[in-house]
>>> print(open('protein_18.txt').read())   # compact mmCIF, C-alpha atoms and all ligand atoms
# COMPACT_ATOMS: atom_id res chain seq x y z
CA MET A 1 0.00 0.00 0.00
CA ASP A 2 2.51 2.57 -1.28
CA LEU A 3 0.34 5.70 -1.13
CA ASP A 4 -0.79 6.94 2.29
CA PHE A 5 -4.51 7.25 2.90
CA ALA A 6 -7.28 7.99 5.38
CA TYR A 7 -10.31 5.73 5.37
CA HIS A 8 -13.70 6.51 6.87
CA ASN A 9 -17.06 5.24 5.70
CA PRO A 10 -19.77 6.43 8.09
CA VAL A 11 -22.81 4.68 6.54
CA LYS A 12 -24.55 2.29 8.95
CA THR A 13 -25.40 -0.59 6.62
CA PHE A 14 -27.95 -3.37 7.19
CA PHE A 15 -27.84 -6.20 4.68
CA GLY A 16 -30.06 -9.18 3.95
CA ARG A 17 -33.62 -10.47 3.93
CA THR A 18 -34.29 -9.11 7.42
CA ALA A 19 -32.59 -5.74 6.92
CA MET A 20 -35.91 -3.83 7.00
CA GLU A 21 -36.49 -4.98 10.59
CA ASN A 22 -33.93 -2.36 11.63
CA LEU A 23 -35.92 0.54 10.19
CA PRO A 24 -38.08 1.30 13.30
CA ASP A 25 -35.02 1.64 15.56
CA LEU A 26 -33.31 3.82 12.97
CA LEU A 27 -36.36 6.05 12.53
CA ALA A 28 -36.61 6.51 16.30
CA GLN A 29 -33.37 8.48 16.21
CA TYR A 30 -34.88 11.36 14.19
CA GLY A 31 -37.70 13.87 14.58
CA LYS A 32 -41.27 13.38 13.44
CA ASN A 33 -41.17 14.82 9.92
CA VAL A 34 -40.00 12.48 7.18
CA LEU A 35 -39.65 13.34 3.49
CA LEU A 36 -40.33 10.05 1.70
CA ALA A 37 -38.64 10.22 -1.71
CA TYR A 38 -39.08 7.82 -4.60
CA GLY A 39 -39.05 7.53 -8.37
CA GLY A 40 -41.62 6.86 -11.04
CA GLY A 41 -43.74 4.38 -9.07
CA SER A 42 -41.99 0.99 -9.23
CA ILE A 43 -42.07 0.86 -5.42
CA LYS A 44 -45.87 1.01 -5.52
CA ARG A 45 -46.03 -1.94 -7.93
CA ASN A 46 -43.57 -4.20 -6.08
CA GLY A 47 -44.95 -3.59 -2.57
CA ILE A 48 -41.90 -1.78 -1.10
CA TYR A 49 -43.89 1.46 -0.74
CA ASP A 50 -46.48 -0.28 1.44
CA GLN A 51 -43.81 -1.85 3.66
CA VAL A 52 -42.04 1.47 4.18
CA MET A 53 -45.24 3.47 4.67
CA THR A 54 -46.59 0.99 7.24
CA CYS A 55 -43.36 1.26 9.18
CA LEU A 56 -43.38 5.08 9.04
CA LYS A 57 -46.99 5.21 10.27
CA ASP A 58 -46.34 2.64 13.02
CA CYS A 59 -43.46 4.83 14.18
CA GLY A 60 -45.78 7.85 14.35
CA LYS A 61 -44.07 9.87 11.62
CA ASN A 62 -45.60 12.73 9.62
CA VAL A 63 -44.87 11.81 6.01
CA THR A 64 -44.46 14.22 3.10
CA GLU A 65 -44.05 12.48 -0.25
CA PHE A 66 -41.52 13.62 -2.84
CA SER A 67 -42.17 11.45 -5.89
CA GLY A 68 -41.40 11.30 -9.62
CA ILE A 69 -37.62 11.47 -9.30
CA MET A 70 -36.45 10.62 -12.79
CA ALA A 71 -33.46 8.57 -13.95
CA ASN A 72 -30.53 11.00 -14.22
CA PRO A 73 -32.09 13.45 -11.74
CA THR A 74 -32.16 17.10 -12.68
CA TYR A 75 -31.24 20.30 -10.88
CA ALA A 76 -34.88 21.43 -11.22
CA LYS A 77 -36.05 18.28 -9.40
CA VAL A 78 -33.56 18.98 -6.60
CA LEU A 79 -35.03 22.47 -6.16
CA GLU A 80 -38.54 20.97 -6.01
CA GLY A 81 -37.43 18.55 -3.27
CA ALA A 82 -35.70 21.30 -1.31
CA ARG A 83 -38.89 23.42 -1.36
CA LEU A 84 -40.88 20.46 -0.01
CA ALA A 85 -38.28 19.72 2.68
CA ARG A 86 -38.27 23.33 3.89
CA ALA A 87 -42.06 23.65 3.84
CA SER A 88 -42.55 20.44 5.82
CA GLY A 89 -39.75 21.01 8.35
CA THR A 90 -38.11 17.73 7.33
CA ASP A 91 -36.10 15.96 10.05
CA LEU A 92 -35.09 12.97 7.90
CA ILE A 93 -35.10 12.32 4.16
CA LEU A 94 -35.84 8.67 3.37
CA ALA A 95 -34.79 7.76 -0.18
CA VAL A 96 -36.42 4.58 -1.47
CA GLY A 97 -35.05 3.62 -4.88
CA GLY A 98 -31.91 3.38 -6.97
CA GLY A 99 -29.03 5.77 -7.55
CA SER A 100 -31.19 8.48 -9.10
CA VAL A 101 -33.49 8.78 -6.08
CA ILE A 102 -30.58 8.65 -3.63
CA ASP A 103 -28.50 11.23 -5.52
CA CYS A 104 -31.42 13.63 -5.84
CA CYS A 105 -32.02 13.31 -2.08
CA LYS A 106 -28.36 13.94 -1.26
CA ALA A 107 -28.59 17.19 -3.20
CA VAL A 108 -31.91 18.08 -1.53
CA SER A 109 -30.28 17.49 1.86
CA ILE A 110 -28.00 20.51 1.32
CA PHE A 111 -30.30 22.70 -0.79
CA ALA A 112 -32.89 22.51 2.00
CA VAL A 113 -30.54 24.06 4.57
CA GLU A 114 -28.17 26.38 2.70
CA GLU A 115 -28.73 29.44 0.47
CA GLY A 116 -26.67 30.58 -2.50
CA ASP A 117 -25.29 29.16 -5.72
CA LEU A 118 -24.83 25.63 -4.42
CA TRP A 119 -24.55 24.14 -7.91
CA THR A 120 -21.33 26.03 -8.54
CA LYS A 121 -20.01 25.55 -5.01
CA TYR A 122 -20.58 21.80 -4.70
CA TRP A 123 -21.01 20.40 -8.21
CA LEU A 124 -18.59 22.52 -10.25
CA GLU A 125 -16.00 23.51 -7.64
CA ARG A 126 -16.57 20.37 -5.54
CA GLN A 127 -16.16 22.09 -2.19
CA GLU A 128 -16.82 20.23 1.05
CA PRO A 129 -20.01 21.42 2.80
CA GLU A 130 -19.55 23.55 5.92
CA VAL A 131 -23.27 23.48 6.74
CA LYS A 132 -24.61 20.15 8.00
CA PRO A 133 -26.98 18.65 5.40
CA LEU A 134 -30.30 17.12 6.50
CA PRO A 135 -29.92 13.49 7.58
CA LEU A 136 -30.57 10.93 4.86
CA GLY A 137 -31.60 7.28 5.09
CA VAL A 138 -31.75 4.85 2.17
CA VAL A 139 -33.83 1.81 1.29
CA LEU A 140 -32.09 0.49 -1.82
CA THR A 141 -34.15 -1.09 -4.63
CA MET A 142 -31.54 -1.37 -7.36
CA ALA A 143 -27.87 -2.36 -7.19
CA GLY A 144 -25.19 -0.63 -9.24
CA THR A 145 -24.32 2.96 -8.46
CA GLY A 146 -23.00 2.40 -4.94
CA SER A 147 -24.63 5.69 -3.95
CA GLU A 148 -26.00 4.03 -0.81
CA MET A 149 -22.47 3.78 0.62
CA ASP A 150 -20.73 6.81 -0.83
CA GLY A 151 -20.94 10.57 -0.40
CA ASP A 152 -21.32 11.47 -4.06
CA ALA A 153 -24.43 12.79 -5.83
CA VAL A 154 -24.62 12.95 -9.63
CA ILE A 155 -26.98 15.66 -10.88
CA THR A 156 -27.80 16.90 -14.38
CA HIS A 157 -28.05 20.66 -14.91
CA GLU A 158 -30.24 20.62 -17.99
CA GLU A 159 -29.88 24.29 -18.97
CA THR A 160 -26.08 24.22 -19.05
CA ARG A 161 -25.91 20.57 -20.20
CA VAL A 162 -23.56 19.49 -17.47
CA LYS A 163 -23.93 16.20 -15.57
CA SER A 164 -21.62 16.39 -12.60
CA SER A 165 -20.74 14.63 -9.39
CA CYS A 166 -19.73 16.46 -6.21
CA SER A 167 -16.92 15.77 -3.75
CA GLU A 168 -16.82 12.01 -3.09
CA SER A 169 -17.23 12.50 0.65
CA ALA A 170 -19.76 15.34 0.75
CA PHE A 171 -23.12 13.65 1.32
CA TYR A 172 -22.95 10.19 2.91
CA PRO A 173 -26.31 8.72 3.99
CA ASP A 174 -26.65 8.08 7.73
CA PHE A 175 -27.92 4.56 7.09
CA ALA A 176 -28.67 2.17 4.24
CA ILE A 177 -31.00 -0.83 4.17
CA LEU A 178 -29.97 -3.40 1.58
CA ASN A 179 -32.38 -6.26 0.96
CA PRO A 180 -31.37 -8.13 -2.21
CA VAL A 181 -34.96 -9.38 -2.61
CA PHE A 182 -36.00 -5.76 -3.30
CA THR A 183 -33.91 -5.84 -6.49
CA TYR A 184 -35.73 -8.87 -8.01
CA SER A 185 -38.37 -6.73 -9.71
CA ALA A 186 -35.89 -4.44 -11.51
CA PRO A 187 -36.16 -5.02 -15.28
CA GLN A 188 -33.34 -7.12 -16.75
CA TYR A 189 -32.07 -4.06 -18.67
CA GLN A 190 -31.68 -2.13 -15.39
CA MET A 191 -30.12 -5.11 -13.63
CA LEU A 192 -27.48 -5.37 -16.37
CA SER A 193 -26.93 -1.63 -16.37
CA GLY A 194 -26.29 -1.77 -12.62
CA ILE A 195 -23.92 -4.70 -12.97
CA PHE A 196 -21.80 -2.94 -15.56
CA ASP A 197 -21.84 0.25 -13.51
CA THR A 198 -20.33 -1.75 -10.64
CA PHE A 199 -17.77 -3.30 -13.00
CA SER A 200 -16.84 0.13 -14.25
CA HIS A 201 -16.44 1.58 -10.74
CA ILE A 202 -14.00 -1.22 -9.96
CA MET A 203 -12.04 -0.66 -13.19
CA GLU A 204 -11.83 3.10 -12.60
CA ALA A 205 -9.65 2.36 -9.57
CA TYR A 206 -7.94 -0.79 -10.88
CA PHE A 207 -6.66 0.87 -14.07
CA SER A 208 -4.64 3.54 -12.31
CA PRO A 209 -1.29 3.80 -10.54
CA THR A 210 0.21 2.66 -8.34
CA ASP A 211 0.94 -0.79 -9.66
CA ALA A 212 2.91 -1.85 -6.60
CA ASP A 213 1.50 -4.92 -4.85
CA ASN A 214 -1.59 -3.68 -2.99
CA ILE A 215 -4.73 -5.10 -1.41
CA SER A 216 -7.05 -2.77 -3.35
CA ASP A 217 -6.10 -4.46 -6.64
CA ASP A 218 -6.52 -7.95 -5.16
CA LEU A 219 -9.98 -7.02 -3.87
CA ALA A 220 -10.86 -5.50 -7.25
CA GLU A 221 -9.97 -8.71 -9.09
CA ALA A 222 -11.99 -10.82 -6.67
CA LEU A 223 -15.01 -8.55 -7.10
CA MET A 224 -14.76 -8.56 -10.90
CA ARG A 225 -14.61 -12.38 -10.95
CA SER A 226 -17.63 -12.47 -8.63
CA LEU A 227 -19.55 -10.12 -10.94
CA ILE A 228 -18.80 -12.29 -13.97
CA ARG A 229 -19.97 -15.48 -12.20
CA ASN A 230 -23.08 -13.94 -10.71
CA THR A 231 -24.16 -12.13 -13.89
CA ALA A 232 -24.62 -15.50 -15.59
CA VAL A 233 -26.60 -16.91 -12.66
CA ALA A 234 -28.85 -13.83 -12.29
CA LEU A 235 -29.60 -13.83 -16.03
CA GLU A 236 -30.68 -17.46 -15.75
CA ASP A 237 -32.71 -16.88 -12.57
CA PRO A 238 -33.28 -13.25 -11.48
CA GLU A 239 -34.57 -14.53 -8.12
CA ASP A 240 -31.43 -16.47 -7.20
CA TYR A 241 -30.76 -14.95 -3.79
CA THR A 242 -27.09 -15.88 -3.69
CA ALA A 243 -26.41 -14.18 -7.02
CA ARG A 244 -28.49 -11.08 -6.34
CA SER A 245 -26.98 -10.65 -2.87
CA ASN A 246 -23.45 -10.93 -4.24
CA LEU A 247 -24.25 -8.42 -7.00
CA MET A 248 -25.74 -6.02 -4.47
CA TRP A 249 -22.86 -6.19 -2.02
CA ALA A 250 -20.29 -5.91 -4.83
CA SER A 251 -21.93 -2.69 -5.97
CA SER A 252 -21.84 -1.20 -2.47
CA LEU A 253 -18.25 -2.27 -1.87
CA ALA A 254 -17.11 -0.90 -5.22
CA LEU A 255 -17.74 2.68 -4.17
CA SER A 256 -17.38 2.31 -0.41
CA GLY A 257 -13.88 3.76 -0.71
CA LEU A 258 -12.09 0.46 -0.01
CA LEU A 259 -10.99 -0.19 -3.59
CA ASN A 260 -9.53 3.28 -4.11
CA LEU A 261 -7.09 3.14 -1.22
CA SER A 262 -3.51 3.66 -2.35
CA LYS A 263 -4.72 4.17 -5.95
CA THR A 264 -4.71 7.45 -7.88
CA GLU A 265 -7.96 6.50 -9.75
CA ASP A 266 -9.02 7.20 -13.31
CA TRP A 267 -12.73 8.12 -13.89
CA GLU A 268 -12.34 9.05 -17.57
CA VAL A 269 -15.00 6.54 -18.69
CA HIS A 270 -17.41 8.04 -16.17
CA GLU A 271 -16.58 11.58 -17.24
CA ILE A 272 -17.35 10.75 -20.86
CA GLN A 273 -20.55 8.91 -19.84
CA HIS A 274 -21.75 11.80 -17.72
CA GLN A 275 -21.51 14.23 -20.63
CA LEU A 276 -23.20 11.70 -22.93
CA GLY A 277 -25.95 11.57 -20.31
CA ALA A 278 -26.20 15.38 -20.22
CA TYR A 279 -26.75 15.48 -24.00
CA TYR A 280 -28.70 12.24 -24.59
CA ASN A 281 -30.19 11.18 -21.21
CA VAL A 282 -28.97 7.58 -21.72
CA THR A 283 -29.01 4.82 -19.07
CA HIS A 284 -25.79 5.24 -17.09
CA GLY A 285 -24.45 1.67 -16.85
CA MET A 286 -25.41 0.75 -20.41
CA ALA A 287 -23.59 3.79 -21.78
CA LEU A 288 -20.50 2.85 -19.76
CA ALA A 289 -20.66 -0.62 -21.35
CA ALA A 290 -20.91 0.87 -24.82
CA ILE A 291 -17.82 3.09 -24.49
CA SER A 292 -15.54 1.01 -22.23
CA PRO A 293 -13.96 -1.34 -24.84
CA ALA A 294 -12.98 1.58 -27.11
CA TYR A 295 -11.68 3.55 -24.13
CA TYR A 296 -9.52 0.73 -22.78
CA ARG A 297 -8.18 -0.11 -26.26
CA THR A 298 -7.03 3.53 -26.45
CA VAL A 299 -5.28 3.67 -23.08
CA CYS A 300 -3.90 0.12 -22.79
CA ILE A 301 -0.71 0.95 -24.69
CA HIS A 302 0.23 3.18 -21.71
CA ALA A 303 -0.08 0.31 -19.19
CA ILE A 304 0.55 -3.02 -20.91
CA PRO A 305 1.61 -4.91 -17.71
CA ARG A 306 -1.59 -3.86 -15.91
CA PHE A 307 -3.83 -4.91 -18.80
CA LYS A 308 -1.93 -8.20 -19.07
CA ARG A 309 -2.62 -8.80 -15.39
CA PHE A 310 -6.33 -8.04 -16.01
CA ALA A 311 -6.39 -10.65 -18.81
CA LEU A 312 -4.71 -13.27 -16.62
CA ASN A 313 -6.33 -12.73 -13.23
CA VAL A 314 -9.84 -11.64 -14.20
CA TRP A 315 -10.48 -13.42 -17.51
CA ASN A 316 -8.14 -16.37 -17.23
CA VAL A 317 -6.74 -15.73 -20.74
CA ASP A 318 -4.17 -18.35 -21.78
CA PRO A 319 -0.83 -16.54 -22.26
CA ALA A 320 0.69 -19.30 -24.43
CA GLY A 321 2.10 -17.89 -27.67
CA LYS A 322 0.99 -14.32 -26.94
CA THR A 323 3.15 -11.21 -26.58
CA ASP A 324 2.41 -8.91 -23.64
CA GLU A 325 0.54 -6.54 -25.94
CA GLU A 326 -1.54 -9.37 -27.38
CA MET A 327 -2.38 -10.49 -23.85
CA ALA A 328 -3.40 -6.93 -22.91
CA LEU A 329 -5.73 -6.69 -25.91
CA ALA A 330 -7.11 -10.20 -25.28
CA GLY A 331 -8.27 -9.09 -21.82
CA ILE A 332 -10.16 -6.17 -23.34
CA ASP A 333 -11.65 -8.52 -25.96
CA ALA A 334 -12.85 -10.75 -23.10
CA LEU A 335 -14.47 -7.72 -21.46
CA ALA A 336 -16.19 -6.85 -24.76
CA ASP A 337 -17.41 -10.47 -25.10
CA TYR A 338 -18.85 -10.38 -21.58
CA ILE A 339 -20.69 -7.15 -22.43
CA ARG A 340 -22.09 -8.64 -25.64
CA THR A 341 -23.03 -12.10 -24.38
CA SER A 342 -24.69 -10.71 -21.22
CA GLY A 343 -26.91 -8.44 -23.30
CA MET A 344 -25.37 -5.13 -22.24
CA ALA A 345 -25.10 -2.29 -24.75
CA THR A 346 -22.34 -2.69 -27.33
CA SER A 347 -22.85 0.62 -29.16
CA LEU A 348 -24.24 4.11 -28.69
CA ARG A 349 -26.66 3.40 -31.52
CA GLU A 350 -28.28 0.72 -29.33
CA LEU A 351 -28.88 3.43 -26.73
CA GLY A 352 -30.96 5.40 -29.20
CA ILE A 353 -28.33 7.85 -30.40
CA THR A 354 -29.09 7.91 -34.12
CA ASP A 355 -26.86 10.69 -35.39
CA PRO A 356 -23.12 10.77 -34.55
CA SER A 357 -22.74 14.42 -35.55
CA GLY A 358 -23.46 15.61 -32.01
CA LEU A 359 -20.66 13.54 -30.49
CA GLY A 360 -18.04 16.23 -31.16
CA GLU A 361 -19.92 18.61 -28.89
CA VAL A 362 -20.11 15.92 -26.19
CA ALA A 363 -16.33 15.43 -26.47
CA SER A 364 -15.72 19.18 -26.20
CA SER A 365 -17.92 19.44 -23.10
CA CYS A 366 -16.06 16.78 -21.07
CA ILE A 367 -14.25 18.21 -18.09
CA ARG A 368 -10.67 16.97 -18.34
CA ARG A 369 -8.93 16.00 -15.12
CA PRO A 370 -5.69 14.10 -14.54
CA ALA A 371 -6.54 10.45 -15.21
CA GLY A 372 -5.12 6.99 -14.48
CA TYR A 373 -2.50 5.94 -17.01
CA HIS A 374 -3.20 8.50 -19.72
CA THR A 375 -5.19 11.74 -19.79
CA LEU A 376 -7.11 11.79 -23.05
CA THR A 377 -6.95 14.63 -25.54
CA ARG A 378 -10.26 15.98 -26.84
CA ASN A 379 -9.57 14.31 -30.19
CA GLU A 380 -9.08 10.96 -28.45
CA ILE A 381 -12.39 11.38 -26.59
CA TYR A 382 -14.11 12.19 -29.88
CA GLN A 383 -12.51 9.15 -31.54
CA ILE A 384 -13.63 6.87 -28.67
CA LEU A 385 -17.18 8.15 -29.04
CA LYS A 386 -17.10 7.57 -32.80
CA ASP A 387 -15.62 4.08 -32.33
CA SER A 388 -18.39 3.32 -29.82
CA PHE A 389 -21.15 4.58 -32.13
O1 LIG B 401 -38.27 5.40 -11.05
P1 LIG B 401 -38.67 4.08 -10.55
O2 LIG B 401 -40.11 3.80 -10.73
O3 LIG B 401 -38.18 3.78 -9.17
O4 LIG B 401 -37.98 2.98 -11.53
C1 LIG B 401 -36.57 2.83 -11.61
C2 LIG B 401 -35.99 3.49 -12.86
O5 LIG B 401 -36.94 3.50 -13.90
C3 LIG B 401 -36.27 1.38 -11.85
N1 LIG B 401 -36.16 0.59 -10.62
C4 LIG B 401 -35.32 0.77 -9.58
N2 LIG B 401 -35.48 -0.22 -8.68
C5 LIG B 401 -36.47 -1.02 -9.16
C6 LIG B 401 -36.91 -0.51 -10.39
N3 LIG B 401 -37.90 -1.07 -11.10
C7 LIG B 401 -38.48 -2.17 -10.59
N4 LIG B 401 -38.08 -2.73 -9.43
C8 LIG B 401 -37.09 -2.19 -8.69
N5 LIG B 401 -36.70 -2.79 -7.54
O6 LIG B 401 -35.01 1.37 -12.51
C9 LIG B 401 -34.88 2.55 -13.28
C10 LIG B 401 -33.52 3.14 -13.07
O7 LIG B 401 -33.36 3.61 -11.75
P2 LIG B 401 -32.13 4.59 -11.41
O8 LIG B 401 -32.21 4.93 -9.97
O9 LIG B 401 -32.09 5.69 -12.41
O10 LIG B 401 -30.89 3.66 -11.71
P3 LIG B 401 -29.45 3.63 -11.09
O11 LIG B 401 -29.48 3.03 -9.73
O12 LIG B 401 -28.59 3.00 -12.11
O13 LIG B 401 -29.04 5.19 -10.93
C11 LIG B 401 -28.51 5.91 -12.01
C12 LIG B 401 -28.07 7.30 -11.57
O14 LIG B 401 -27.01 7.24 -10.59
C13 LIG B 401 -25.88 8.01 -11.05
C14 LIG B 401 -26.01 7.89 -12.55
O15 LIG B 401 -25.24 8.85 -13.24
C15 LIG B 401 -27.49 8.07 -12.76
O16 LIG B 401 -27.85 9.42 -12.70
N6 LIG B 401 -24.64 7.54 -10.43
C16 LIG B 401 -24.45 7.81 -9.13
C17 LIG B 401 -23.26 7.52 -8.49
C18 LIG B 401 -23.02 7.89 -7.08
N7 LIG B 401 -23.88 8.59 -6.43
O17 LIG B 401 -21.98 7.55 -6.53
C19 LIG B 401 -22.14 6.88 -9.17
C20 LIG B 401 -22.49 6.32 -10.50
O18 LIG B 401 -21.31 6.25 -11.28
C21 LIG B 401 -23.54 7.06 -11.25
O19 LIG B 401 -23.00 8.18 -11.94
ZN ZN B 402 -21.16 4.69 -12.40
>>> encode(input="protein_18.txt", output="structure tokens")
Amino acid sequence: MDLDFAYHNPVKTFFGRTAMENLPDLLAQYGKNVLLAYGGGSIKRNGIYDQVMTCLKDCGKNVTEFSGIMANPTYAKVLEGARLARASGTDLILAVGGGSVIDCCKAVSIFAVEEGDLWTKYWLERQEPEVKPLPLGVVLTMAGTGSEMDGDAVITHEETRVKSSCSESAFYPDFAILNPVFTYSAPQYQMLSGIFDTFSHIMEAYFSPTDADNISDDLAEALMRSLIRNTAVALEDPEDYTARSNLMWASSLALSGLLNLSKTEDWEVHEIQHQLGAYYNVTHGMALAAISPAYYRTVCIHAIPRFKRFALNVWNVDPAGKTDEEMALAGIDALADYIRTSGMATSLRELGITDPSGLGEVASSCIRRPAGYHTLTRNEIYQILKDSF
């Protein structure tokens, strides 16, 4: 572990079939007024809404509902939630849903208590909050983003066409309830999107210096192998508890901070995806799947030993008769095969982008930060987008 680090993840996490049994004790620690936040209504169809509402009522809470949080939540939706939270004197925000609901609520938690241009302060300049945000609890219904165990919130500012995350440690939930059974009803498309999102979070740390022997890389490889195994099982039987629980916990671990320790991190694939999302409102994990092979083929020349290790330890590629460079490319081919055979998106066209002429503007809008092994030029970003089309 060559690079020094501090590690602190404050989220109280309850995992498993009985995780919801902890909700009454958790709720007892906050005041009476709860802002119950959710998305487009899936929780009403799968019965999670009723379970949560019964618990809130039994605990004597006053509930204000904040519903209709869309995938890729917008700045305007955050302002709507903040108005509701202020008007109802919210003591606790309870986010019931996937990454979009949780992220929107994280943003609401600060917009409800602080005045000023918070978009610039937290999402563009990524400052750490000095004002204490409202407390946030999570009941997770979809695995993938890891938002339930991290402090980040990804919000789309539609007017300026910027999709941005904030400081990684700004807005941790107080608690998260993770029942894998709650994820059974997610459509297969969303399940796969979440799985690739997790895969991508792991790779964003794994494909970055340092390359010295370190536990983060060993954990990353174990998690990637687990994802590959459990994707196949969950596709066969979406209600296989073992598979769904492993997929859920992998997604939380991936962004819990553990895998980034002693790594400089990359995040270029996510940066490109976020701007694609700002222009085309595409499903996050699927868009990551569509651009990852082209991205890694571009950067692998700058880190052949690392990509060779990926081929060997994650994909079990036979090294016989292959040069190091051939091994490196074979690992990326295996990743592309996994994306294709699992039914994840293999091109931007599949995501509904019909005209590649707008991709230059997406490339120009990407915020460029120092990356893992190679910081892309704008032309390289544009080429990756065209290759992924
Ligand atoms: O809106 P509802 O009705 O809830 O339906 C949702 C939505 O249509 C549905 N769904 C969720 N759980 C379900 C379910 N349907 C049936 N049964 C269930 N149990 O799935 C659809 C997608 O939900 P969403 O929350 O949008 O998906 P996801 O969890 O992938 O979140 C994506 C957002 O998170 C951001 C992404 O950019 C995107 O905006 N990310 C957040 C991160 C973070 N905070 O750390 C990191 C990620 O890299 C990512 O950027
Ligand atoms: Zn992601």
>>> atom_distance(input="protein_18.txt", atom1="atom CA of A:Met224", atom2="atom CA of A:Leu335")
10.6 Å
>>> atom_distance(input="protein_18.txt", atom1="atom CA of A:Lys322", atom2="atom CA of A:Arg297")
16.9 Å
>>> residues_near_ligand(input="protein_18.txt", ligand="ligand ZN 402 (chain B)", cutoff="7 Å", atoms="all atoms listed in the file", output="compact mmCIF listing (two decimals) with C-alpha atoms, keeping the file's coordinate frame")
# COMPACT_ATOMS: atom_id res chain seq x y z
CA THR A 145 -24.32 2.96 -8.46
CA ASP A 197 -21.84 0.25 -13.51
CA THR A 198 -20.33 -1.75 -10.64
CA SER A 200 -16.84 0.13 -14.25
CA HIS A 201 -16.44 1.58 -10.74
CA HIS A 270 -17.41 8.04 -16.17
CA HIS A 284 -25.79 5.24 -17.09
CA GLY A 285 -24.45 1.67 -16.85
>>> atom_distance(input="protein_18.txt", atom1="atom CA of A:Leu134", atom2="atom CA of A:Ser109")
4.7 Å
>>> closest_residue(input="protein_18.txt", among="A:Lys12, A:Lys308, A:Lys263, A:Lys44", to="A:Glu204", atoms="all atoms listed in the file")
A:Lys263
>>> residues_near_ligand(input="protein_18.txt", ligand="ligand LIG 401 (chain B)", cutoff="6 Å", atoms="all atoms listed in the file", output="CSV table (one decimal) with C-alpha atoms, in the frame of the given file")
chain,number,residue,atom,x,y,z
A,39,GLY,CA,-39.0,7.5,-8.4
A,40,GLY,CA,-41.6,6.9,-11.0
A,41,GLY,CA,-43.7,4.4,-9.1
A,42,SER,CA,-42.0,1.0,-9.2
A,70,MET,CA,-36.4,10.6,-12.8
A,71,ALA,CA,-33.5,8.6,-14.0
A,72,ASN,CA,-30.5,11.0,-14.2
A,73,PRO,CA,-32.1,13.4,-11.7
A,97,GLY,CA,-35.0,3.6,-4.9
A,98,GLY,CA,-31.9,3.4,-7.0
A,99,GLY,CA,-29.0,5.8,-7.6
A,100,SER,CA,-31.2,8.5,-9.1
A,101,VAL,CA,-33.5,8.8,-6.1
A,103,ASP,CA,-28.5,11.2,-5.5
A,141,THR,CA,-34.2,-1.1,-4.6
A,142,MET,CA,-31.5,-1.4,-7.4
A,144,GLY,CA,-25.2,-0.6,-9.2
A,145,THR,CA,-24.3,3.0,-8.5
A,146,GLY,CA,-23.0,2.4,-4.9
A,147,SER,CA,-24.6,5.7,-4.0
A,150,ASP,CA,-20.7,6.8,-0.8
A,152,ASP,CA,-21.3,11.5,-4.1
A,153,ALA,CA,-24.4,12.8,-5.8
A,154,VAL,CA,-24.6,13.0,-9.6
A,182,PHE,CA,-36.0,-5.8,-3.3
A,183,THR,CA,-33.9,-5.8,-6.5
A,185,SER,CA,-38.4,-6.7,-9.7
A,186,ALA,CA,-35.9,-4.4,-11.5
A,187,PRO,CA,-36.2,-5.0,-15.3
A,190,GLN,CA,-31.7,-2.1,-15.4
A,194,GLY,CA,-26.3,-1.8,-12.6
A,284,HIS,CA,-25.8,5.2,-17.1
>>> closest_atom_pairs(input="protein_18.txt", of="stretch 142-172 of chain A", to="stretch 119-127 of chain A", cutoff="8 Å", atoms="all atoms listed in the file", output="JSON lines")
{"residue": "A:Ser164", "atom": "CA", "partner": "A:Trp123", "partner_atom": "CA", "distance": 6.0}
{"residue": "A:Ser165", "atom": "CA", "partner": "A:Trp123", "partner_atom": "CA", "distance": 5.9}
{"residue": "A:Cys166", "atom": "CA", "partner": "A:Trp123", "partner_atom": "CA", "distance": 4.6}
{"residue": "A:Ser167", "atom": "CA", "partner": "A:Arg126", "partner_atom": "CA", "distance": 4.9}
>>> closest_residue(input="protein_18.txt", among="A:Ala287, A:Leu92, A:Ala232, A:Ile215", to="A:Gln275", atoms="only C-alpha atoms")
A:Ala287
>>> residues_around(input="protein_18.txt", residues="A:Thr341", least_positions_apart="5", cutoff="12 Å", atoms="only C-alpha atoms", output="list in words")
Leu192, Ile228, Thr231, Ala232, Leu235, Ala334, Leu335, Ala336 and Thr346 of chain A
>>> closest_residue(input="protein_18.txt", among="A:Gly16, A:Val362, A:Ala328, A:Met1", to="A:Asn246", atoms="all atoms listed in the file")
A:Gly16
>>> residues_around(input="protein_18.txt", residues="A:Ser364", least_positions_apart="2", cutoff="12 Å", atoms="only C-alpha atoms", output="PyMOL selection string")
chain A and resi 161-162+271-272+275-276+279+358-362+366-368+376-383+385
>>> closest_residue(input="protein_18.txt", among="A:Thr375, A:Thr54, A:Asn316, A:Thr90", to="A:Glu221", atoms="all atoms listed in the file")
A:Asn316
>>> residues_around(input="protein_18.txt", residues="stretch 169-177 of chain A", least_positions_apart="5", cutoff="7 Å", atoms="all atoms listed in the file", output="PyMOL selection string")
chain A and resi 11-15+19-20+106+128-129+135-140+148-152
>>> closest_residue(input="protein_18.txt", among="A:Leu79, A:Val282, A:Leu178, A:Val96", to="A:Thr18", atoms="only C-alpha atoms")
A:Leu178
